Every structure is written in C-alpha cells, then in structure tokens.
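Q: Sharing protein28.pdb here; it has PDB, C-alpha atoms and all ligand atoms.
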```
ATOM      1  CA  MET A   1      40.432 252.754 -88.312
ATOM      2  CA  LYS A   2      43.590 252.888 -90.373
ATOM      3  CA  ILE A   3      44.205 249.791 -92.428
ATOM      4  CA  LEU A   4      47.798 249.426 -93.539
ATOM      5  CA  ALA A   5      48.857 246.782 -96.053
ATOM      6  CA  ASP A   6      52.416 246.089 -97.170
ATOM      7  CA  MET A   7      52.149 244.140-100.421
ATOM      8  CA  HIS A   8      55.842 243.525-101.180
ATOM      9  CA  ILE A   9      58.064 241.724 -98.637
ATOM     10  CA  HIS A  10      60.913 239.200 -98.992
ATOM     11  CA  SER A  11      61.619 236.358 -96.564
ATOM     12  CA  ASN A  12      64.676 234.130 -96.332
ATOM     13  CA  ASN A  13      63.168 232.161 -99.206
ATOM     14  CA  SER A  14      64.637 234.910-101.395
ATOM     15  CA  PHE A  15      68.373 234.670-102.108
ATOM     16  CA  ASP A  16      68.890 238.262-100.930
ATOM     17  CA  ALA A  17      66.874 238.297 -97.674
ATOM     18  CA  ASP A  18      67.430 236.775 -94.224
ATOM     19  CA  ASN A  19      64.351 236.798 -92.011
ATOM     20  CA  THR A  20      61.788 234.067 -91.591
ATOM     21  CA  VAL A  21      58.173 234.659 -92.545
ATOM     22  CA  LEU A  22      57.243 234.624 -88.843
ATOM     23  CA  GLU A  23      59.866 237.251 -87.960
ATOM     24  CA  LEU A  24      58.453 239.468 -90.721
ATOM     25  CA  CYS A  25      54.924 238.954 -89.379
ATOM     26  CA  GLN A  26      56.004 239.948 -85.871
ATOM     27  CA  SER A  27      57.666 243.072 -87.202
ATOM     28  CA  ALA A  28      54.515 243.964 -89.145
ATOM     29  CA  VAL A  29      52.331 243.530 -86.063
ATOM     30  CA  GLU A  30      54.690 245.755 -84.029
ATOM     31  CA  LYS A  31      54.305 248.447 -86.688
ATOM     32  CA  GLY A  32      50.522 248.255 -86.872
ATOM     33  CA  ILE A  33      50.400 246.701 -90.332
ATOM     34  CA  SER A  34      47.309 244.530 -90.698
ATOM     35  CA  THR A  35      47.979 242.788 -94.020
ATOM     36  CA  ILE A  36      51.225 241.677 -95.620
ATOM     37  CA  ALA A  37      52.068 239.820 -98.796
ATOM     38  CA  ILE A  38      55.153 237.617 -98.791
ATOM     39  CA  THR A  39      56.495 238.089-102.318
ATOM     40  CA  ASP A  40      59.701 236.106-102.677
ATOM     41  CA  HIS A  41      61.759 236.225-105.836
ATOM     42  CA  MET A  42      61.061 233.985-108.784
ATOM     43  CA  GLU A  43      63.263 234.774-111.766
ATOM     44  CA  ALA A  44      61.382 232.413-114.070
ATOM     45  CA  PRO A  45      64.209 231.892-116.630
ATOM     46  CA  GLU A  46      66.331 230.459-113.805
ATOM     47  CA  ILE A  47      63.980 227.490-113.363
ATOM     48  CA  LYS A  48      65.777 225.559-116.077
ATOM     49  CA  LEU A  49      68.978 225.646-113.996
ATOM     50  CA  GLY A  50      67.344 224.027-110.952
ATOM     51  CA  ASP A  51      69.657 224.185-107.925
ATOM     52  CA  ARG A  52      72.556 225.241-110.200
ATOM     53  CA  SER A  53      71.030 228.721-110.418
ATOM     54  CA  VAL A  54      73.063 231.357-108.544
ATOM     55  CA  PHE A  55      69.791 232.189-106.803
ATOM     56  CA  GLY A  56      69.283 228.603-105.637
ATOM     57  CA  ASP A  57      66.398 226.309-106.547
ATOM     58  CA  MET A  58      63.672 228.886-107.069
ATOM     59  CA  VAL A  59      60.820 226.387-107.441
ATOM     60  CA  LYS A  60      61.668 224.931-104.049
ATOM     61  CA  GLN A  61      62.046 228.392-102.517
ATOM     62  CA  ILE A  62      58.652 229.556-103.744
ATOM     63  CA  SER A  63      56.885 226.354-102.636
ATOM     64  CA  LYS A  64      58.391 226.843 -99.192
ATOM     65  CA  SER A  65      57.562 230.568 -99.135
ATOM     66  CA  VAL A  66      53.906 229.958 -99.961
ATOM     67  CA  GLU A  67      53.646 227.126 -97.443
ATOM     68  CA  GLU A  68      55.177 229.274 -94.703
ATOM     69  CA  ALA A  69      52.881 232.194 -95.531
ATOM     70  CA  LYS A  70      49.907 229.876 -95.232
ATOM     71  CA  ILE A  71      51.063 228.522 -91.865
ATOM     72  CA  ALA A  72      51.870 232.032 -90.601
ATOM     73  CA  ASN A  73      48.400 233.209 -91.596
ATOM     74  CA  GLU A  74      46.885 230.472 -89.437
ATOM     75  CA  LEU A  75      49.295 230.988 -86.527
ATOM     76  CA  MET A  76      48.918 234.763 -86.464
ATOM     77  CA  ASP A  77      45.143 234.365 -86.296
ATOM     78  CA  ASP A  78      43.436 237.776 -86.235
ATOM     79  CA  ASP A  79      46.658 239.702 -85.564
ATOM     80  CA  ILE A  80      47.546 239.971 -89.193
ATOM     81  CA  LYS A  81      46.572 238.616 -92.585
ATOM     82  CA  VAL A  82      49.458 236.964 -94.448
ATOM     83  CA  LEU A  83      49.049 236.638 -98.190
ATOM     84  CA  ARG A  84      50.804 234.170-100.491
ATOM     85  CA  GLY A  85      52.590 236.208-103.115
ATOM     86  CA  MET A  86      55.470 235.987-105.549
ATOM     87  CA  GLU A  87      57.647 238.571-107.284
ATOM     88  CA  LEU A  88      57.816 237.180-110.795
ATOM     89  CA  GLY A  89      60.874 238.481-112.647
ATOM     90  CA  GLU A  90      61.061 238.823-116.435
ATOM     91  CA  PRO A  91      57.766 236.998-117.140
ATOM     92  CA  MET A  92      58.081 237.491-120.919
ATOM     93  CA  HIS A  93      61.605 236.119-121.303
ATOM     94  CA  GLU A  94      60.629 232.459-121.157
ATOM     95  CA  PRO A  95      56.832 232.201-121.161
ATOM     96  CA  LYS A  96      56.783 228.431-120.645
ATOM     97  CA  LEU A  97      58.866 228.694-117.487
ATOM     98  CA  THR A  98      56.725 231.600-116.311
ATOM     99  CA  LYS A  99      53.678 229.388-116.673
ATOM    100  CA  LYS A 100      55.426 226.755-114.629
ATOM    101  CA  ALA A 101      56.279 229.315-111.942
ATOM    102  CA  LEU A 102      52.647 230.401-111.730
ATOM    103  CA  SER A 103      51.551 226.794-111.289
ATOM    104  CA  ILE A 104      53.797 226.116-108.268
ATOM    105  CA  ALA A 105      51.056 227.018-105.802
ATOM    106  CA  GLU A 106      47.790 228.858-105.360
ATOM    107  CA  PHE A 107      48.787 232.470-105.021
ATOM    108  CA  ASP A 108      46.968 235.463-103.641
ATOM    109  CA  PHE A 109      49.094 237.991-105.425
ATOM    110  CA  ILE A 110      51.613 238.192-108.268
ATOM    111  CA  LEU A 111      53.968 241.134-108.716
ATOM    112  CA  ALA A 112      55.679 241.413-112.109
ATOM    113  CA  SER A 113      59.181 242.872-112.297
ATOM    114  CA  ILE A 114      61.999 243.382-114.710
ATOM    115  CA  HIS A 115      65.363 243.227-112.950
ATOM    116  CA  ASN A 116      67.317 242.560-116.126
ATOM    117  CA  ILE A 117      66.545 243.179-119.766
ATOM    118  CA  ARG A 118      67.273 240.488-122.364
ATOM    119  CA  ASN A 119      70.935 239.533-122.726
ATOM    120  CA  THR A 120      71.930 241.969-119.989
ATOM    121  CA  GLU A 121      72.705 241.573-116.299
ATOM    122  CA  ASP A 122      70.505 242.815-113.452
ATOM    123  CA  PHE A 123      70.530 246.621-113.237
ATOM    124  CA  TYR A 124      72.154 246.113-109.853
ATOM    125  CA  TYR A 125      75.388 244.942-111.513
ATOM    126  CA  LEU A 126      75.584 247.372-114.447
ATOM    127  CA  GLU A 127      78.015 250.251-114.888
ATOM    128  CA  TYR A 128      76.227 253.449-115.893
ATOM    129  CA  THR A 129      77.690 256.053-118.247
ATOM    130  CA  GLU A 130      76.165 259.080-119.999
ATOM    131  CA  ARG A 131      76.388 257.022-123.170
ATOM    132  CA  ASN A 132      74.619 253.822-122.204
ATOM    133  CA  VAL A 133      71.877 255.134-119.904
ATOM    134  CA  PRO A 134      69.434 256.303-122.644
ATOM    135  CA  ASP A 135      69.730 252.985-124.468
ATOM    136  CA  LEU A 136      69.301 250.950-121.277
ATOM    137  CA  LEU A 137      66.232 252.923-120.235
ATOM    138  CA  GLU A 138      64.681 252.675-123.673
ATOM    139  CA  ARG A 139      65.119 248.903-123.735
ATOM    140  CA  TYR A 140      63.883 248.623-120.161
ATOM    141  CA  PHE A 141      60.639 250.532-120.781
ATOM    142  CA  ASP A 142      60.019 248.634-124.047
ATOM    143  CA  GLU A 143      60.270 245.341-122.180
ATOM    144  CA  LEU A 144      58.065 246.691-119.411
ATOM    145  CA  LEU A 145      55.419 247.595-122.002
ATOM    146  CA  GLU A 146      55.603 244.087-123.451
ATOM    147  CA  THR A 147      55.075 242.798-119.880
ATOM    148  CA  ALA A 148      52.213 245.180-119.073
ATOM    149  CA  GLU A 149      50.424 244.208-122.293
ATOM    150  CA  ASN A 150      50.890 240.449-122.131
ATOM    151  CA  ALA A 151      52.019 238.922-118.855
ATOM    152  CA  ASP A 152      49.920 237.177-116.216
ATOM    153  CA  PHE A 153      50.268 239.220-112.988
ATOM    154  CA  ASP A 154      48.328 241.468-110.620
ATOM    155  CA  SER A 155      50.559 244.489-109.992
ATOM    156  CA  LEU A 156      53.543 245.938-111.849
ATOM    157  CA  ALA A 157      56.442 246.375-109.405
ATOM    158  CA  HIS A 158      58.872 249.312-109.169
ATOM    159  CA  LEU A 159      58.219 250.800-112.631
ATOM    160  CA  THR A 160      61.358 252.967-112.460
ATOM    161  CA  TYR A 161      63.660 250.226-111.112
ATOM    162  CA  PRO A 162      66.866 251.228-113.021
ATOM    163  CA  MET A 163      66.564 254.782-111.669
ATOM    164  CA  ARG A 164      67.326 253.620-108.135
ATOM    165  CA  TYR A 165      70.867 252.639-109.145
ATOM    166  CA  ILE A 166      71.416 255.518-111.561
ATOM    167  CA  LEU A 167      70.341 258.141-109.023
ATOM    168  CA  GLU A 168      72.091 256.545-106.089
ATOM    169  CA  ARG A 169      75.422 255.723-107.713
ATOM    170  CA  THR A 170      76.008 258.313-110.443
ATOM    171  CA  ASP A 171      75.600 262.002-111.171
ATOM    172  CA  ILE A 172      73.596 261.180-114.290
ATOM    173  CA  ARG A 173      70.092 262.616-114.041
ATOM    174  CA  PRO A 174      68.007 261.145-116.873
ATOM    175  CA  ASN A 175      64.861 263.087-117.664
ATOM    176  CA  LEU A 176      62.050 260.574-117.342
ATOM    177  CA  GLU A 177      59.880 262.836-119.494
ATOM    178  CA  ASP A 178      61.917 261.564-122.466
ATOM    179  CA  TYR A 179      60.210 258.208-121.860
ATOM    180  CA  TYR A 180      56.694 259.475-121.148
ATOM    181  CA  ASP A 181      55.328 258.161-124.466
ATOM    182  CA  VAL A 182      56.185 254.581-123.654
ATOM    183  CA  ILE A 183      55.362 255.046-119.955
ATOM    184  CA  ASP A 184      51.888 256.280-120.982
ATOM    185  CA  LYS A 185      51.453 253.138-123.052
ATOM    186  CA  ILE A 186      52.440 251.012-120.045
ATOM    187  CA  LEU A 187      49.961 252.839-117.795
ATOM    188  CA  ILE A 188      47.178 252.549-120.385
ATOM    189  CA  ALA A 189      47.813 248.804-120.740
ATOM    190  CA  LEU A 190      47.632 248.347-116.970
ATOM    191  CA  GLY A 191      44.370 250.272-116.809
ATOM    192  CA  LYS A 192      42.792 248.403-119.711
ATOM    193  CA  ARG A 193      43.770 245.015-118.318
ATOM    194  CA  GLU A 194      42.630 246.020-114.794
ATOM    195  CA  LYS A 195      46.123 245.490-113.399
ATOM    196  CA  ALA A 196      47.538 247.458-110.498
ATOM    197  CA  LEU A 197      50.499 249.803-110.412
ATOM    198  CA  GLU A 198      52.785 249.337-107.422
ATOM    199  CA  ILE A 199      53.850 252.322-105.347
ATOM    200  CA  ASN A 200      57.199 250.979-104.159
ATOM    201  CA  THR A 201      58.455 252.803-101.062
ATOM    202  CA  SER A 202      61.841 251.065-100.670
ATOM    203  CA  MET A 203      63.919 254.058-101.778
ATOM    204  CA  VAL A 204      61.972 256.865-100.069
ATOM    205  CA  GLY A 205      64.509 256.956 -97.225
ATOM    206  CA  ARG A 206      67.463 256.982 -99.655
ATOM    207  CA  ILE A 207      66.533 258.967-102.757
ATOM    208  CA  GLY A 208      63.432 260.656-101.366
ATOM    209  CA  ILE A 209      60.930 259.363-103.940
ATOM    210  CA  THR A 210      58.695 256.395-104.532
ATOM    211  CA  MET A 211      59.108 254.127-107.569
ATOM    212  CA  PRO A 212      57.479 255.299-109.740
ATOM    213  CA  ASP A 213      57.364 258.921-108.621
ATOM    214  CA  ILE A 214      54.223 260.915-107.902
ATOM    215  CA  ASN A 215      53.965 262.367-111.454
ATOM    216  CA  ILE A 216      53.701 258.918-113.000
ATOM    217  CA  ILE A 217      51.197 257.720-110.375
ATOM    218  CA  LYS A 218      49.067 260.804-111.079
ATOM    219  CA  ARG A 219      49.299 260.094-114.792
ATOM    220  CA  PHE A 220      48.145 256.498-114.180
ATOM    221  CA  ARG A 221      45.019 257.854-112.503
ATOM    222  CA  GLU A 222      44.381 260.336-115.345
ATOM    223  CA  LEU A 223      44.702 257.536-117.900
ATOM    224  CA  GLY A 224      42.049 255.455-116.161
ATOM    225  CA  GLY A 225      44.117 253.410-113.706
ATOM    226  CA  LYS A 226      41.978 251.915-110.977
ATOM    227  CA  TYR A 227      44.239 249.845-108.743
ATOM    228  CA  VAL A 228      47.377 250.679-106.803
ATOM    229  CA  THR A 229      49.218 248.397-104.389
ATOM    230  CA  ILE A 230      51.733 249.731-101.907
ATOM    231  CA  GLY A 231      54.867 247.824-100.945
ATOM    232  CA  SER A 232      58.011 248.431 -98.889
ATOM    233  CA  ASP A 233      60.029 245.771-100.774
ATOM    234  CA  ALA A 234      61.549 244.974 -97.363
ATOM    235  CA  HIS A 235      64.419 242.489 -97.391
ATOM    236  CA  LYS A 236      64.910 242.809 -93.604
ATOM    237  CA  ARG A 237      62.463 242.671 -90.728
ATOM    238  CA  GLU A 238      63.196 246.264 -89.663
ATOM    239  CA  ASN A 239      62.104 247.566 -93.068
ATOM    240  CA  VAL A 240      58.660 245.938 -93.082
ATOM    241  CA  GLY A 241      55.998 248.617 -93.438
ATOM    242  CA  ASN A 242      58.495 251.405 -94.152
ATOM    243  CA  TYR A 243      56.832 254.482 -95.666
ATOM    244  CA  ILE A 244      53.572 252.606 -96.341
ATOM    245  CA  GLU A 245      51.530 255.460 -94.869
ATOM    246  CA  GLU A 246      53.428 257.919 -97.071
ATOM    247  CA  GLY A 247      52.680 255.681-100.067
ATOM    248  CA  ILE A 248      48.976 255.719 -99.227
ATOM    249  CA  GLU A 249      49.074 259.491 -98.854
ATOM    250  CA  ILE A 250      50.684 259.780-102.297
ATOM    251  CA  ALA A 251      47.941 257.564-103.767
ATOM    252  CA  ARG A 252      45.334 259.867-102.227
ATOM    253  CA  THR A 253      47.095 262.973-103.534
ATOM    254  CA  CYS A 254      47.068 261.413-107.013
ATOM    255  CA  GLY A 255      43.301 260.986-106.898
ATOM    256  CA  PHE A 256      42.915 257.419-105.647
ATOM    257  CA  GLU A 257      40.228 256.918-103.012
ATOM    258  CA  TYR A 258      41.297 253.307-102.508
ATOM    259  CA  PHE A 259      44.383 251.185-102.430
ATOM    260  CA  THR A 260      44.246 247.506-103.282
ATOM    261  CA  VAL A 261      44.893 244.215-101.529
ATOM    262  CA  PHE A 262      44.806 241.075-103.659
ATOM    263  CA  GLU A 263      43.450 237.837-102.307
ATOM    264  CA  ASN A 264      43.144 234.692-104.432
ATOM    265  CA  ARG A 265      44.294 237.040-107.168
ATOM    266  CA  ASN A 266      41.172 239.187-106.861
ATOM    267  CA  PRO A 267      41.423 242.898-106.082
ATOM    268  CA  ASN A 268      39.865 244.090-102.822
ATOM    269  CA  LEU A 269      39.588 247.842-102.475
ATOM    270  CA  VAL A 270      40.528 249.423 -99.156
ATOM    271  CA  GLN A 271      39.209 252.910 -98.649
ATOM    272  CA  ILE A 272      41.813 255.521 -97.822
ATOM    273  CA  TRP A 273      40.700 256.853 -94.475
ATOM    274  CA  TYR A 274      41.417 260.565 -94.732
TER     275      TYR A 274
HETATM  276 ZN    ZN B 301      62.197 243.710-107.498
HETATM  277 ZN    ZN B 302      61.180 242.849-104.322
END
```
Output the file's structure as structure tokens, nothing else.
A:
Amino acid sequence: MKILADMHIHSNNSFDADNTVLELCQSAVEKGISTIAITDHMEAPEIKLGDRSVFGDMVKQISKSVEEAKIANELMDDDIKVLRGMELGEPMHEPKLTKKALSIAEFDFILASIHNIRNTEDFYYLEYTERNVPDLLERYFDELLETAENADFDSLAHLTYPMRYILERTDIRPNLEDYYDVIDKILIALGKREKALEINTSMVGRIGITMPDINIIKRFRELGGKYVTIGSDAHKRENVGNYIEEGIEIARTCGFEYFTVFENRNPNLVQIWY
C-alpha cells in the first residue's frame, strides 16, 4: 500500500495561512495522504516583540497550533496521523529565543528555515538585480551552513528558498553550481548530524522543480545523507499533498529507498513502494 506523508503544512496559526487544522486534515484524507505534520511559522527572533510582532504573538500561535494538531490527531482516529511540528525560522539569529521556541511544547518534528539573512528582509520582499544576487546567495548559503552545523532541528526546509523568487520574478538565472562548495558542506553536515533534507514541492507547479532540485538531492545521497522528508508547504487546504508522490519519486530516483516521518523527534523510515 502507498503511504503518503506531507511533512510541511501551515494552518491559520501562521500569519500567512487561512485554514483550520481540521480543514487541512479533511483535505489530506480526501487526497489519500495518511500522515501530515502541521508546521506553523515560528520566526524565533520575533518572540521578543510579543504581540507587537507583525506576525502576531508567535508563542501563542505555536501553542495553539500544537494543541490543535493533538486534538485533530485524536478526532481523526485512524483516518490520518497528525503530527505536531513547527517551522523554525532563523534558529541561529537569537539562540536564546530559539531555545524558548523549542520549549513551547512537545514537538514531533522541527523544520529549520532561513527566510531572511541577518540585517536583511525576507527574500519575499527583496528586489533582485544582477549585482546583488551573488552576494545575497553567498550570504544565504553561509547562514544555512551555520544552521546545518549547529541548530537543533530535524529537517532542513527549502534549501534553495531565494531561488523561488529570483526564478519567478526576474530573468536572472544564477548558476547554483557556483555555490556547490558550500552546498556540499551543508549536505555533509546534515548527513553527519543525522538530520534530514526536505524535498519541498511547493513550487513544482510554478517553476517546475523541487527545492532543492534533483541534482542537490542526489548529491546529498552521494555524500552519505540518510533521511529525506517531503513537504508541500501548503498554505491553503487545496494545496495539501501537492506533488508529494512526485517528491517521493524524486527521492527514489536519487537513490533513497526510504523517506522519513518524524515522531517525537525520532526518524521513522517509510519504504518507498516501487
Ligand atoms: Zn518556509
Ligand atoms: Zn513553510
């Protein structure tokens, strides 16, 4: 039997998503997904702002998210497993606040992300020019390496995050191979620390590739990577489970016989059925 797990989903406990945890569960069931992780946003440096953060009170949002995931897991019974996750942004920017974020609840699964590099806005808001792109990417991958080597998390989310905006909004086509040295170091750190690499499928429908792309996932395997998680990064109920099967197929093509589901922050391997 096919087991499909979507390990990256946002509920209305994220500032940029609208559906309740239960609506997301129903959508997952309709699409034949048997396990989901609710991974609402926690930009740890924002904790110090409390409810003055533009994202709202993130501690409150995460407590509520985890509580709702727990209740949904009980309500949905055998229909679907609902895991308590969190997408932890910029974990190395303010380590004390990150620690606080991780202590909000008992989590099944922690994704680590970098949405903005130090002293710079989220990549979502930046203007991209031929001039600034190489510098931005270099700083981004350096921070990602720092995260991969040091942070407390289970899977590294959307490794090529800035590319989604560069490719979608500009004609600039950076050659990722220019960054392969640092990307290799990131992949090696993940492997050594037994962390997972996320295959993020959110942009497959728009730019035609996963984040990271197949070459980097293959490289992760060659460098000793053991765990991959697959996530749609859905912010709407209709996007739950999108391209998860394609993500699993890419994992298989790259040499992985298993994908990974985290529970109580332990990796469980799920055999790829082909
Ligand atoms: Zn993200
Ligand atoms: Zn996300």
Q: Determine the residue set returned by the PyMOL selection byres (((not hetatm)) within 9 of (chain B and resi 301)) for the present structure, and present it as JSON, numbers by chain.
A: {"A": [8, 41, 87, 88, 89, 111, 112, 113, 114, 115, 157, 158, 161, 233]}
Q: Using only C-alpha atoms and all ligand atoms, which of A:Gln61, A:Thr98, A:Thr201, A:Asn266 sits nearest ligand ZN 302 (chain B)?
A: A:Thr201
Q: Pick from A:Thr39, A:Asn150, A:Asn268, A:Asn12: nearest to ligand ZN 302 (chain B), with only C-alpha atoms and all ligand atoms counted?
A: A:Thr39
Q: Using Å and a single decimal, report how far atom CA of Asp6 of chain A sits from atom CA of Thr147 of chain A.
A: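 These two atoms are separated by 23.1 Å.
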Q: Hey, what comes out of the PyMOL selection byres (((chain A and resi 267) around 12) and not hetatm) on this file? Could you write it as number ranges by chain?
A: A: 108-110, 153-155, 194-196, 226-229, 258-266, 268-270
Q: Keeping C-alpha atoms, export the residues of the selection given above as an mmCIF file, in the coordinates of the input.
A:
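And here's part07.cif as it stands now:
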```cif
data_model
loop_
_atom_site.group_PDB
_atom_site.id
_atom_site.type_symbol
_atom_site.label_atom_id
_atom_site.label_comp_id
_atom_site.auth_asym_id
_atom_site.auth_seq_id
_atom_site.Cartn_x
_atom_site.Cartn_y
_atom_site.Cartn_z
ATOM 1 C CA ASP A 108 46.968 235.463 -103.641
ATOM 2 C CA PHE A 109 49.094 237.991 -105.425
ATOM 3 C CA ILE A 110 51.613 238.192 -108.268
ATOM 4 C CA PHE A 153 50.268 239.220 -112.988
ATOM 5 C CA ASP A 154 48.328 241.468 -110.620
ATOM 6 C CA SER A 155 50.559 244.489 -109.992
ATOM 7 C CA GLU A 194 42.630 246.020 -114.794
ATOM 8 C CA LYS A 195 46.123 245.490 -113.399
ATOM 9 C CA ALA A 196 47.538 247.458 -110.498
ATOM 10 C CA LYS A 226 41.978 251.915 -110.977
ATOM 11 C CA TYR A 227 44.239 249.845 -108.743
ATOM 12 C CA VAL A 228 47.377 250.679 -106.803
ATOM 13 C CA THR A 229 49.218 248.397 -104.389
ATOM 14 C CA TYR A 258 41.297 253.307 -102.508
ATOM 15 C CA PHE A 259 44.383 251.185 -102.430
ATOM 16 C CA THR A 260 44.246 247.506 -103.282
ATOM 17 C CA VAL A 261 44.893 244.215 -101.529
ATOM 18 C CA PHE A 262 44.806 241.075 -103.659
ATOM 19 C CA GLU A 263 43.450 237.837 -102.307
ATOM 20 C CA ASN A 264 43.144 234.692 -104.432
ATOM 21 C CA ARG A 265 44.294 237.040 -107.168
ATOM 22 C CA ASN A 266 41.172 239.187 -106.861
ATOM 23 C CA ASN A 268 39.865 244.090 -102.822
ATOM 24 C CA LEU A 269 39.588 247.842 -102.475
ATOM 25 C CA VAL A 270 40.528 249.423 -99.156
#
```
Q: Fewer than 6 positions away in the same chain doesn't count, so skip those; otherwise give me all residues within 12 Å of Glu127 of chain A, counting all atoms listed in the file, as a count of residues only.
A: 10
Q: Give the answer as one residue: which of A:Ile183, A:Ile230, A:Ala69, A:Leu49 has the shortest atom-to-atom distance to ligand ZN 302 (chain B), using all atoms listed in the file?
A: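 Of A:Ile183, A:Ile230, A:Ala69, A:Leu49, the one nearest ligand ZN 302 (chain B), counting all atoms listed in the file, is A:Ile230.
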Q: What is the atom CA of Ile244 of chain A to atom CA of Leu83 of chain A distance in Å?
A: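 Straight-line distance from atom CA of Ile244 of chain A to atom CA of Leu83 of chain A works out to 16.7 Å.
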Q: When you draw a straight line from atom CA of Ala251 of chain A to atom CA of Asn215 of chain A, how long is it in Å?
A: 10.9 Å
Q: Because some atoms of segment 39-55 of chain A are absent here, can you restore N, CA and C atoms and send them as an mmCIF file, in the frame of the given file?
A:
```cif
data_model
loop_
_atom_site.group_PDB
_atom_site.id
_atom_site.type_symbol
_atom_site.label_atom_id
_atom_site.label_comp_id
_atom_site.auth_asym_id
_atom_site.auth_seq_id
_atom_site.Cartn_x
_atom_site.Cartn_y
_atom_site.Cartn_z
ATOM 1 N N THR A 39 56.304 238.123 -100.860
ATOM 2 C CA THR A 39 56.495 238.089 -102.318
ATOM 3 C C THR A 39 57.957 237.762 -102.634
ATOM 4 N N ASP A 40 58.306 236.487 -102.430
ATOM 5 C CA ASP A 40 59.701 236.106 -102.677
ATOM 6 C C ASP A 40 60.012 236.075 -104.170
ATOM 7 N N HIS A 41 61.311 236.139 -104.442
ATOM 8 C CA HIS A 41 61.759 236.225 -105.836
ATOM 9 C C HIS A 41 61.554 234.925 -106.598
ATOM 10 N N MET A 42 61.062 235.074 -107.811
ATOM 11 C CA MET A 42 61.061 233.985 -108.784
ATOM 12 C C MET A 42 61.529 234.584 -110.104
ATOM 13 N N GLU A 43 62.769 234.350 -110.455
ATOM 14 C CA GLU A 43 63.263 234.774 -111.766
ATOM 15 C C GLU A 43 63.003 233.569 -112.667
ATOM 16 N N ALA A 44 61.870 233.612 -113.371
ATOM 17 C CA ALA A 44 61.382 232.413 -114.070
ATOM 18 C C ALA A 44 62.434 231.762 -114.985
ATOM 19 N N PRO A 45 63.233 232.552 -115.749
ATOM 20 C CA PRO A 45 64.209 231.892 -116.630
ATOM 21 C C PRO A 45 65.225 231.021 -115.885
ATOM 22 N N GLU A 46 65.364 231.244 -114.585
ATOM 23 C CA GLU A 46 66.331 230.459 -113.805
ATOM 24 C C GLU A 46 65.839 229.039 -113.516
ATOM 25 N N ILE A 47 64.540 228.800 -113.713
ATOM 26 C CA ILE A 47 63.980 227.490 -113.363
ATOM 27 C C ILE A 47 64.736 226.370 -114.067
ATOM 28 N N LYS A 48 65.139 226.646 -115.318
ATOM 29 C CA LYS A 48 65.777 225.559 -116.077
ATOM 30 C C LYS A 48 67.122 225.141 -115.467
ATOM 31 N N LEU A 49 67.692 225.975 -114.613
ATOM 32 C CA LEU A 49 68.978 225.646 -113.996
ATOM 33 C C LEU A 49 68.815 224.853 -112.696
ATOM 34 N N GLY A 50 67.579 224.755 -112.207
ATOM 35 C CA GLY A 50 67.344 224.027 -110.952
ATOM 36 C C GLY A 50 68.207 224.576 -109.834
ATOM 37 N N ASP A 51 68.854 223.677 -109.048
ATOM 38 C CA ASP A 51 69.657 224.185 -107.925
ATOM 39 C C ASP A 51 71.035 224.682 -108.376
ATOM 40 N N ARG A 52 71.303 224.657 -109.697
ATOM 41 C CA ARG A 52 72.556 225.241 -110.200
ATOM 42 C C ARG A 52 72.421 226.751 -110.423
ATOM 43 N N SER A 53 71.210 227.268 -110.286
ATOM 44 C CA SER A 53 71.030 228.721 -110.418
ATOM 45 C C SER A 53 71.786 229.431 -109.289
ATOM 46 N N VAL A 54 72.374 230.595 -109.600
ATOM 47 C CA VAL A 54 73.063 231.357 -108.544
ATOM 48 C C VAL A 54 72.092 231.789 -107.455
ATOM 49 N N PHE A 55 70.803 231.800 -107.789
ATOM 50 C CA PHE A 55 69.791 232.189 -106.803
ATOM 51 C C PHE A 55 69.305 230.997 -105.978
#
```
